[in-house]
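Data block below; observations after.
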There are 2 protein chains.
Amino acid sequence: MTQESVKKDRVLALSGGVGGAKLALGLRNIVPAGKLTVVANAGDDFEHLGLHVSPDIDTLLYTLAGLDNPETGWGRRGETWTFMKALAALGGETWFRLGDGDLAIHVERTRRLHAGEPLSHIIRDFADRLGVRAAIVPMTNDPVRTRVRTSDGWLDFQRYFVEQQCRPEVSEFSYEGAATAKPHPDFIAAITSPELRAIVICPSNPFISIEPILALPGVREALCGCTAPVIAVAPIIGGEAVKGPTAKMMRELGLKVGAETVAQRYGDLLDGYIVDHRDAALVAKLPIPTIAANAFMVSLADREQLAKMTLAFADELSQRRS
Amino acid sequence: MTQESVKKDRVLALSGGVGGAKLALGLRNIVPAGKLTVVANAGDDFEHLGLHVSPDIDTLLYTLAGLDNPETGWGRRGETWTFMKALAALGGETWFRLGDGDLAIHVERTRRLHAGEPLSHIIRDFADRLGVRAAIVPMTNDPVRTRVRTSDGWLDFQRYFVEQQCRPEVSEFSYEGAATAKPHPDFIAAITSPELRAIVICPSNPFISIEPILALPGVREALCGCTAPVIAVAPIIGGEAVKGPTAKMMRELGLKVGAETVAQRYGDLLDGYIVDHRDAALVAKLPIPTIAANAFMVSLADREQLAKMTLAFADELSQRRS
């Protein structure tokens, strides 16, 4: 088989939770069946009530399975809360809210992990059973835990994010375990696949969703050396985060609150960047190929359209190169 | 303080789940606050989905807290089932049904056990928080597991009881771990308390609820040597079990299906026995002091009345002795 005959139809996406999952859903709907791999941040995984909770992975599972809760942006639709009420009466910890249906994924994942199964196997099985029709790959099966240095000292990520609701001022992030964690083999295989059409860095929070993935040994190098174009979609629109604390974190870290700051952080691993129309002025200013598109995804059509734009842009960058 | 000045107002009950809990509730309502200790069978405890489940203990907690489900006889009232539905979709085991509210007790108990807390501490705390107003003491903090020898071989108790719905024919019971388990110190302290008015063996299944308790080292001897009268209430009425497989088990074991069989099994540890009015003919036949009462408890008044009869009978036996 010659180089030309290889059909480049695989897409790799890197994603955190809510914002990233929106674009991942758009990609899943336009990429041929079985050709999308979404590598999920697992730095926000944690043990809670003795259960292994994987917030970003689960948001991706629920979103791609059509089970996501559009009101909250996390958890499941049609959720009930009987467990939390009963737990409160027993004196249990209630700062992290687990819905009754959501609990099933934590209990069953924890049971299977304790039985010795790797996280990625469990997630693949869940994804198959829920009809996700994409590969959701945890960035690693090894423990990586994001911690946040704040005005209150170092905090575990979910304590900062959920319990403290991101109130303490942030000065630094640490991804504990990342330096010795092994990126999942399917992740590396996807990056180096000759069939790869594009790598998409979804519009997730760079500090807490994407950089934990990039902190794994060899990932940044593999992305830089990849033949397929790497394109990021800005999670900041018009100087504001679409959702979550991205803008607040930038301010506290002394960074300019803008889409260009995200591109700067990703640096030389990017081949292209997509900003929202509101930031169209950046197209001429940024040192890498940049286009403007509708990056504020409300409808499913918005998600699919942004996914199409992203892949079309990737194809154009590939053509420029060859 | 002379012997005469000790007020004998403490009551100790031995109980399994549903049937026993009915009388325990009656006792709780008529015994002075803080004077009732219910020692609960823990031989039906098991690990399920990675959680420590204590069916009899929880039935006692829920019943004495007014949270029990009167329709099912197990679990909580006002229960929802979102967890089980979600678990089924993930391929989890669904033969043992855990309600959403019920899950809280299993998750929180498991978390605290893994943190090193003894089961009895956890149950005491739950009982306080739920307003149980009686001491519910697990028979032991050590693992004891009831197993059932059946026509299908040896089965773990819950597999036999719930998954197989008691269908396989029974030939033997084993209480694994009982020979080396330590009866809870509060259990032994209650038996030997100079304030003890009576020990009540609740109308629970002898094979799977009471005999696991009696199998613990020293318990039978302590009960036999106790100064307070030991009284059992028959779990068989008119040759039928009020609920559950007691009669079926008796038949399969080649025992006569009748209230007298239970008295024979408890043997010399009993000072008195209470049968239902339908079995009044036994009063004259049995070799131990026996009375007939309404042992078929439907209403709360029935439970309280049977509790009153039981304690009055105990007082009479005490007077006869002195």
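Ordered as shown in the structure tokens, chains take letters A, B, and onward, while each chain numbers its residues from 1 and ligands are numbered from 1 in the order shown.
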
What's the 8 Å shell around Ile288 (chain B), counting only C-alpha atoms, without same-chain residues fewer than 3 positions away, as a short mmCIF file (atom, residue, chain, number, x, y, z; two decimals) with N, CA and C atoms, in the first residue's frame?
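Here's the written file around-v9.cif:
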```
data_model
loop_
_atom_site.label_atom_id
_atom_site.label_comp_id
_atom_site.auth_asym_id
_atom_site.auth_seq_id
_atom_site.Cartn_x
_atom_site.Cartn_y
_atom_site.Cartn_z
N LEU B 270 -33.60 -21.72 77.05
CA LEU B 270 -34.88 -21.03 77.24
C LEU B 270 -35.42 -21.22 78.65
N ASP B 271 -35.94 -20.13 79.20
CA ASP B 271 -36.68 -20.22 80.47
C ASP B 271 -38.18 -20.15 80.22
N GLY B 272 -38.55 -19.62 79.07
CA GLY B 272 -39.96 -19.52 78.75
C GLY B 272 -40.14 -19.39 77.26
N TYR B 273 -41.37 -19.70 76.81
CA TYR B 273 -41.64 -19.70 75.37
C TYR B 273 -43.03 -19.14 75.15
#
```

query = Hey, what does DSSP flag as helix (DSSP H, G or I) within region 219-278 of chain A? Can you give it to me as a list in words?
reply = Val219, Arg220, Glu221, Ala222, Leu223, Cys224, Thr246, Ala247, Lys248, Met249, Met250, Arg251, Glu252, Ala259, Glu260, Thr261, Val262, Ala263, Gln264, Arg265, Tyr266, Gly267, Asp268, Leu269, His277 and Arg278 of chain A

query = With only C-alpha atoms as the basis for distance, which of A:Gly99, A:Pro55, A:Pro32, A:Gly43 is at the shortest distance from chain B?
reply = A:Gly99

key: Polymer residues at most 7 Å from region 247-254 of chain B, only C-alpha atoms, same-chain spacing of 5 or more positions, as a list in words   =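 Near neighbours after the sequence-gap exclusion: Glu169, Val170, Ser171, Glu240 and Ala241 of chain B.
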
request  = Go through A:Arg159, A:Arg220, A:Arg167, A:Lys308 one by one, measure the shortest atom-to-atom distance of each to Gly267 (chain A) using only C-alpha atoms, and give the residue with the smallest value.
outcome  =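 Of all the options, A:Arg220 lies closest to Gly267 (chain A).
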
Could you name the residues that touch Glu93 (chain A) at 9 Å or less, counting only C-alpha atoms, but leaving out those on the same chain fewer than 6 positions away, as a compact mmCIF listing (two decimals) with C-alpha atoms, in the first residue's frame?
```txt
# COMPACT_ATOMS: atom_id res chain seq x y z
CA HIS A 48 -14.95 10.15 47.12
CA LEU A 49 -16.98 8.13 49.65
CA MET A 84 -27.79 12.34 48.80
CA LEU A 87 -26.48 10.21 53.05
CA GLU B 108 -21.16 5.27 54.06
```

task = May I ask you to extract the residues of chain B within 8 Å of chain A, using only C-alpha atoms, and to give them as an NGL selection string?
result = :B and (49-50 or 79-87 or 89-92 or 100-105 or 107-108 or 110-111 or 126 or 129-130)

Generate a file of the selected residues that holds C-alpha atoms, formatted as a tab-separated table (two decimals), in the first residue's frame.
```
chain	number	residue	atom	x	y	z
B	49	LEU	CA	-20.74	-4.36	44.34
B	50	GLY	CA	-17.77	-3.67	46.61
B	79	GLU	CA	-37.50	4.62	47.89
B	80	THR	CA	-36.42	5.36	44.30
B	81	TRP	CA	-34.67	2.94	41.92
B	82	THR	CA	-32.67	5.09	39.53
B	83	PHE	CA	-29.37	3.48	40.55
B	84	MET	CA	-30.49	-0.05	39.69
B	85	LYS	CA	-31.71	1.02	36.24
B	86	ALA	CA	-28.44	2.78	35.48
B	87	LEU	CA	-26.43	-0.14	36.85
B	89	ALA	CA	-27.43	-0.42	31.57
B	90	LEU	CA	-23.74	-0.61	32.56
B	91	GLY	CA	-23.84	-4.40	32.84
B	92	GLY	CA	-23.67	-4.48	36.65
B	100	ASP	CA	-31.20	4.76	45.98
B	101	GLY	CA	-31.75	5.78	49.60
B	102	ASP	CA	-30.67	2.40	50.93
B	103	LEU	CA	-27.40	2.76	49.01
B	104	ALA	CA	-26.39	5.61	51.28
B	105	ILE	CA	-26.09	3.31	54.29
B	107	VAL	CA	-21.70	3.37	50.81
B	108	GLU	CA	-21.16	5.27	54.06
B	110	THR	CA	-18.20	0.71	53.65
B	111	ARG	CA	-16.26	3.97	53.61
B	126	PHE	CA	-26.26	5.77	62.37
B	129	ARG	CA	-28.53	10.13	63.80
B	130	LEU	CA	-31.71	8.35	62.70
```

ask   = Can you tell me, as a PyMOL selection string, what residues are no more than 10 Å from Arg265 (chain B) when counting only C-alpha atoms, ignoring any on the same chain fewer than 5 positions away?
value = chain B and resi 206-207+211+260+270

task = Using CA of Val39 (chain A) and CA of Leu155 (chain A) as the two end points, give the distance in Å to one decimal.
result =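 Straight-line distance from CA of Val39 (chain A) to CA of Leu155 (chain A) works out to 25.1 Å.
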
inquiry  = Please extract the residues of region 4-33 of chain A with a backbone DSSP assignment of strand (DSSP E or B) and present them as a ChimeraX atom specification.
reply    = /A:10-15

query = Ala178 (chain A): which residues within 7 Å, counting only C-alpha atoms, same-chain residues fewer than 4 positions away excluded, as a list of chain:residue names?
reply = A:Val144, A:Ala215, A:Leu216

Could you write out that same residue set with C-alpha atoms as a PDB file, in the first residue's frame?
```
ATOM      1  CA  VAL A 144      -2.656  11.579  38.116  1.00  0.00           C
ATOM      2  CA  ALA A 215       2.085  16.784  31.180  1.00  0.00           C
ATOM      3  CA  LEU A 216       2.312  13.041  30.546  1.00  0.00           C
TER       4      LEU A 216
END
```

message = Which residue is closest to Pro217 (chain A)? Choose from A:Leu311, A:Cys202, A:Met139, A:Ala293 and count only C-alpha atoms.
response = A:Met139

inquiry  = I'd like to know which of A:Ala263, A:Ile188, A:Leu61, A:Ala24 is closest to Val200 (chain A), using only C-alpha atoms.
reply    =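 Of A:Ala263, A:Ile188, A:Leu61, A:Ala24, the one nearest Val200 (chain A), counting only C-alpha atoms, is A:Ala24.
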
ask   = CA of Ala189 (chain A) and CA of Ala312 (chain A), how far apart in Å?
value =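 A separation of 23.0 Å between them.
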
ask   = For the atom pair CA of Gly66 (chain B) and CA of Val132 (chain B), what is the interatomic distance in Å to one decimal place?
value =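 So the answer is 8.2 Å.
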
key: Neighbour list for region 278-280 of chain A as a PyMOL selection string, cut-off 9 Å, only C-alpha atoms, skip fewer than 6 positions in-chain   = chain A and resi 237-239+258-259+291-294

Could you save those same residues with C-alpha atoms as a PDB file, in the first residue's frame?
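What landed in out01.pdb:
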```pdb
ATOM      1  CA  ILE A 237     -14.671  34.041  23.649  1.00  0.00           C
ATOM      2  CA  GLY A 238     -14.528  37.819  23.752  1.00  0.00           C
ATOM      3  CA  GLY A 239     -12.380  37.743  26.864  1.00  0.00           C
ATOM      4  CA  GLY A 258      -8.020  36.237  25.962  1.00  0.00           C
ATOM      5  CA  ALA A 259      -8.088  33.491  23.381  1.00  0.00           C
ATOM      6  CA  ILE A 291      -9.499  31.095  11.530  1.00  0.00           C
ATOM      7  CA  ALA A 292     -12.643  32.504  13.084  1.00  0.00           C
ATOM      8  CA  ALA A 293     -15.791  30.436  13.383  1.00  0.00           C
ATOM      9  CA  ASN A 294     -18.866  30.190  15.586  1.00  0.00           C
TER      10      ASN A 294
END
```

ask   = Using only C-alpha atoms, which of A:Ala198, A:Leu286, A:Ile30, A:Ile208 sits nearest Val148 (chain A)?
value =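 With only C-alpha atoms as the atom set, the closest residue is A:Ile208.
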